[in-house]
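To keep things clear, I will list the structure first and then write my remarks on it.
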Number of protein chains: 2
Amino acid sequence: MRPNSSDDPGLRAILGGTEIPTAYKIGYVLNFYREPSFRAIEMEFGLTRPEIVILLALHFREGITASEFCEFSGHLKAGVSRAVIVLEKKALIRRQTDPRDSRRQLLFLTEAGRALYARYIPVLQAREAAMLACLSAAERRQLDGLLDKLAAHVPAWAGVSEL
Amino acid sequence: MRPNSSDDPGLRAILGGTEIPTAYKIGYVLNFYREPSFRAIEMEFGLTRPEIVILLALHFREGITASEFCEFSGHLKAGVSRAVIVLEKKALIRRQTDPRDSRRQLLFLTEAGRALYARYIPVLQAREAAMLACLSAAERRQLDGLLDKLAAHVPAWAGVSEL
DNA sequence: TGAATTTGGTCTCATATTAGACTTTTTTAT
DNA sequence: ATAAAAAAGTCTAATATGAGACCAAATTCA
């Protein structure tokens with residue numbers, strides 16, 4: 001039988017017998033991954049959380065608009081708007097009004113933005129590696145497969161307001 | 001071959017080719033689980049995020065202190081202190097100075113606290129079920145097993161400041 | 001002992017985040 | 001065409017949060 005949270009007393013003290021075991025555990029692990037890394041980046045580079053995430057997103061999807069970013073990231077548009085204004089002031093991104101719809105502003109990284117990203121991404125990578133170090137290669141593949149499935153399914157329930 | 005995020009163009013647009021794929025996906029899924037639920041609970045019950053989480057933790061581990069909660073939850077002590085004060089004012093928890101160390105305050109749910117918890121936990125449960133609906137029973141067991149392993153391993157890296 | 005350090009918890013001030021109102025542009029319906 | 005509705009983004013005022021100073025109780029160790 002595979003050990004799980006109900007076997008190990010130390011772990012049980014942390015994870016306990018919540019009524020949302022999976023969500024709780026995901027939250028627990030992610031918190032310890034994300035909070036310290038983000039705090040360090042905030043401090044060292046003077047960025048806010050949405051700023052960090054926007055740079056991250058632009059790195060693989062340049063030319064998106066603020067509201068597209070809101071949609072797939074779940075961030076609130078006020079926060080994103082502020083972050084975008086600040087990022088432009090800092091010359092880390094460039095805004096270009098969409099010629100086909102002048103309400104929309106397409107967002108692009110500048111060279112400085114790309115350079116800043118390159119300075120903080122290694123921290124996040126190292127911490128991800130540390131988080132996953134306890135899993136074998138096969139287990140990581142398994143985990144990634146499950147996460148892909150969960151991620152693909154998000155649109156089916158994320159917006160359902162009764163939940 | 002199992003489909004994954006690099007195959008589906010729609011998903012790729014969301015998850016992209018980040019350099020922290022696992023962490024990014026966990027964050028993506030968890031965001032959509034947690035943010036809307038917590039926002040709803042905040043609004044409906046007039047609780048703040050740390051207040052919600054403290055009630056959740058006390059439900060399976062009564063008698064812990066604020067700093068123990070900080071340790072295993074990763075929350076900051078200032079926020080927890082504030083939340084504890086407010087929760088006591090609202091008569092949702094009770095504080096009892098530890099007779100063996102009068103700096104420490106043991107925290108307990110009151111009946112009202114238990115009742116409030118009982119009103120909001122179903123929302124979180126329903127949303128967790130929706131999130132996991134795309135996985136088979138076997139896959140959920142797999143996921144929980146991997147999460148238990150990750151959670152058990154957290155103490156090994158969470159505090160390492162070089163990361 | 002008793003001085004120095006550590007620990008649990010609170011407080012303060014500066015900053016970040018929220019909900020929701022508002023402006024402008026585009027789309028839809030008539 | 002034109003009025004109504006929707007959408008993108010910004011702004012504002014209230015609230016929440018974060019880093020770190022602070023106090024009091026407990027522990028260490030000379």
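Within each chain, counting starts at residue 1; across the structure tokens, chains are named A, B, ... in the order shown, with ligands numbered 1 upward in that order.
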Sel. of alpha helix (DSSP H) residues, region 108-137 of chain A, as a ChimeraX atom specification: /A:111-132,137
Write the residues of the selection above to a file with C-alpha atoms, as a PDB file, in the first residue's frame.
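Below is the file again-v7.pdb, written as the result:
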ATOM      1  CA  GLU A 111      14.667  44.303 -24.626  1.00  0.00           C
ATOM      2  CA  ALA A 112      14.884  45.543 -21.042  1.00  0.00           C
ATOM      3  CA  GLY A 113      11.814  43.508 -20.169  1.00  0.00           C
ATOM      4  CA  ARG A 114      13.308  40.398 -21.694  1.00  0.00           C
ATOM      5  CA  ALA A 115      16.561  41.036 -19.845  1.00  0.00           C
ATOM      6  CA  LEU A 116      14.809  41.455 -16.507  1.00  0.00           C
ATOM      7  CA  TYR A 117      12.825  38.301 -17.074  1.00  0.00           C
ATOM      8  CA  ALA A 118      16.050  36.469 -17.813  1.00  0.00           C
ATOM      9  CA  ARG A 119      17.398  37.576 -14.466  1.00  0.00           C
ATOM     10  CA  TYR A 120      14.586  36.273 -12.322  1.00  0.00           C
ATOM     11  CA  ILE A 121      13.402  33.167 -14.133  1.00  0.00           C
ATOM     12  CA  PRO A 122      16.372  31.083 -12.880  1.00  0.00           C
ATOM     13  CA  VAL A 123      15.169  31.602  -9.303  1.00  0.00           C
ATOM     14  CA  LEU A 124      11.773  30.210 -10.202  1.00  0.00           C
ATOM     15  CA  GLN A 125      13.317  27.338 -12.140  1.00  0.00           C
ATOM     16  CA  ALA A 126      15.618  26.377  -9.306  1.00  0.00           C
ATOM     17  CA  ARG A 127      12.761  26.387  -6.875  1.00  0.00           C
ATOM     18  CA  GLU A 128      10.568  24.309  -9.170  1.00  0.00           C
ATOM     19  CA  ALA A 129      13.383  21.800  -9.451  1.00  0.00           C
ATOM     20  CA  ALA A 130      13.691  21.670  -5.663  1.00  0.00           C
ATOM     21  CA  MET A 131       9.959  21.168  -5.309  1.00  0.00           C
ATOM     22  CA  LEU A 132       9.984  18.262  -7.739  1.00  0.00           C
ATOM     23  CA  ALA A 137      11.233  11.091 -13.777  1.00  0.00           C
TER      24      ALA A 137
END
Residues of chain A within 7 Å of chain D: nearest atom pair and distance (Å, one decimal) for each, counting only C-alpha atoms (C1' of nucleotides), sorted by chain and number, as JSON lines?
{"residue": "A:Ser81", "atom": "CA", "partner": "D:DG9", "partner_atom": "C1'", "distance": 6.8}
{"residue": "A:Arg103", "atom": "CA", "partner": "D:DA8", "partner_atom": "C1'", "distance": 5.2}
{"residue": "A:Arg104", "atom": "CA", "partner": "D:DA8", "partner_atom": "C1'", "distance": 5.8}
Dump of all heavy atoms for the selected residues, as a PDB file, in the first residue's frame:
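Below is the file part_32.pdb, written as the result:
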ATOM      1  N   SER A  81      -4.355  46.466 -15.343  1.00  0.00           N
ATOM      2  CA  SER A  81      -4.235  47.786 -15.948  1.00  0.00           C
ATOM      3  C   SER A  81      -3.127  48.591 -15.270  1.00  0.00           C
ATOM      4  O   SER A  81      -2.255  49.164 -15.921  1.00  0.00           O
ATOM      5  CB  SER A  81      -5.570  48.516 -15.827  1.00  0.00           C
ATOM      6  OG  SER A  81      -5.421  49.874 -16.162  1.00  0.00           O
ATOM      7  N   ARG A 103      -9.683  50.188 -28.930  1.00  0.00           N
ATOM      8  CA  ARG A 103      -9.784  50.050 -27.479  1.00  0.00           C
ATOM      9  C   ARG A 103      -8.688  49.139 -26.962  1.00  0.00           C
ATOM     10  O   ARG A 103      -8.270  49.217 -25.815  1.00  0.00           O
ATOM     11  CB  ARG A 103     -11.127  49.419 -27.090  1.00  0.00           C
ATOM     12  CG  ARG A 103     -12.314  50.293 -27.288  1.00  0.00           C
ATOM     13  CD  ARG A 103     -13.577  49.485 -27.080  1.00  0.00           C
ATOM     14  NE  ARG A 103     -13.574  48.270 -27.905  1.00  0.00           N
ATOM     15  CZ  ARG A 103     -14.580  47.400 -27.937  1.00  0.00           C
ATOM     16  NH1 ARG A 103     -15.636  47.572 -27.174  1.00  0.00           N
ATOM     17  NH2 ARG A 103     -14.526  46.343 -28.715  1.00  0.00           N
ATOM     18  N   ARG A 104      -8.267  48.217 -27.815  1.00  0.00           N
ATOM     19  CA  ARG A 104      -7.342  47.181 -27.380  1.00  0.00           C
ATOM     20  C   ARG A 104      -5.894  47.623 -27.532  1.00  0.00           C
ATOM     21  O   ARG A 104      -5.546  48.294 -28.488  1.00  0.00           O
ATOM     22  CB  ARG A 104      -7.565  45.914 -28.208  1.00  0.00           C
ATOM     23  CG  ARG A 104      -8.972  45.383 -28.093  1.00  0.00           C
ATOM     24  CD  ARG A 104      -9.313  44.481 -29.258  1.00  0.00           C
ATOM     25  NE  ARG A 104      -8.234  43.550 -29.512  1.00  0.00           N
ATOM     26  CZ  ARG A 104      -8.237  42.266 -29.186  1.00  0.00           C
ATOM     27  NH1 ARG A 104      -9.285  41.746 -28.663  1.00  0.00           N
ATOM     28  NH2 ARG A 104      -7.212  41.496 -29.401  1.00  0.00           N
TER      29      ARG A 104
END
Test item: residues at most 12 Å from Leu147 (chain B), only C-alpha atoms (C1' of nucleotides), excluding those fewer than 4 positions along its chain, as a VMD selection string: (chain A and resid 3 to 5 11 15 21 to 30 131 to 132 134 to 135 139 to 140 142 to 143 146 to 147) or (chain B and resid 26 140 to 143 151 to 154)
Backbone-only DSSP, strand (DSSP E) members of chain A, as an MDAnalysis selection string: chainID A and resid 93:97 105:109
Next, dump the selected residues to file, keeping only N, CA and C atoms, as a PDB file, in the first residue's frame.
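Contents of again.pdb, as written:
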ATOM      1  N   ILE A  93       7.804  46.910 -20.973  1.00  0.00           N
ATOM      2  CA  ILE A  93       6.928  46.475 -22.064  1.00  0.00           C
ATOM      3  C   ILE A  93       6.592  47.686 -22.933  1.00  0.00           C
ATOM      4  N   ARG A  94       6.006  47.385 -24.080  1.00  0.00           N
ATOM      5  CA  ARG A  94       5.621  48.407 -25.038  1.00  0.00           C
ATOM      6  C   ARG A  94       4.157  48.141 -25.351  1.00  0.00           C
ATOM      7  N   ARG A  95       3.357  49.222 -25.446  1.00  0.00           N
ATOM      8  CA  ARG A  95       1.951  49.048 -25.805  1.00  0.00           C
ATOM      9  C   ARG A  95       1.722  49.569 -27.203  1.00  0.00           C
ATOM     10  N   GLN A  96       0.893  48.862 -27.945  1.00  0.00           N
ATOM     11  CA  GLN A  96       0.623  49.287 -29.308  1.00  0.00           C
ATOM     12  C   GLN A  96      -0.870  49.140 -29.528  1.00  0.00           C
ATOM     13  N   THR A  97      -1.527  50.241 -29.799  1.00  0.00           N
ATOM     14  CA  THR A  97      -2.967  50.183 -29.992  1.00  0.00           C
ATOM     15  C   THR A  97      -3.285  49.296 -31.194  1.00  0.00           C
ATOM     16  N   GLN A 105      -5.079  47.213 -26.587  1.00  0.00           N
ATOM     17  CA  GLN A 105      -3.662  47.539 -26.664  1.00  0.00           C
ATOM     18  C   GLN A 105      -2.869  46.254 -26.634  1.00  0.00           C
ATOM     19  N   LEU A 106      -2.107  46.046 -27.664  1.00  0.00           N
ATOM     20  CA  LEU A 106      -1.287  44.843 -27.741  1.00  0.00           C
ATOM     21  C   LEU A 106      -0.011  45.068 -26.943  1.00  0.00           C
ATOM     22  N   LEU A 107       0.372  44.064 -26.196  1.00  0.00           N
ATOM     23  CA  LEU A 107       1.515  44.209 -25.286  1.00  0.00           C
ATOM     24  C   LEU A 107       2.718  43.417 -25.782  1.00  0.00           C
ATOM     25  N   PHE A 108       3.870  44.065 -25.736  1.00  0.00           N
ATOM     26  CA  PHE A 108       5.120  43.419 -26.164  1.00  0.00           C
ATOM     27  C   PHE A 108       6.208  43.681 -25.136  1.00  0.00           C
ATOM     28  N   LEU A 109       7.080  42.713 -24.975  1.00  0.00           N
ATOM     29  CA  LEU A 109       8.250  42.917 -24.141  1.00  0.00           C
ATOM     30  C   LEU A 109       9.243  43.814 -24.862  1.00  0.00           C
TER      31      LEU A 109
END
Distance criterion (only C-alpha atoms): nearest to chain A out of B:Ala66, B:Ala78, B:Ile20, B:Ala91: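 Going through B:Ala66, B:Ala78, B:Ile20, B:Ala91 one by one, the smallest distance to chain A is for B:Ile20.
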Chain B on chain A, all Cα pairs in order, RMSD: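 Result of the CA superposition: 0.1 Å.
One finds CA of Leu76 (chain B) at 14.4 Å from CA of Ala158 (chain B).
Near chain B, counting only C-alpha atoms (C1' of nucleotides) at 9 Å, the chain C residues are DT7, DG8, DG9, DT10 and DC11 of chain C.
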Atom pair CA of Leu47 (chain B) / CA of Pro155 (chain B): separation (Å):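 For CA of Leu47 (chain B) relative to CA of Pro155 (chain B), the distance reads 29.3 Å.
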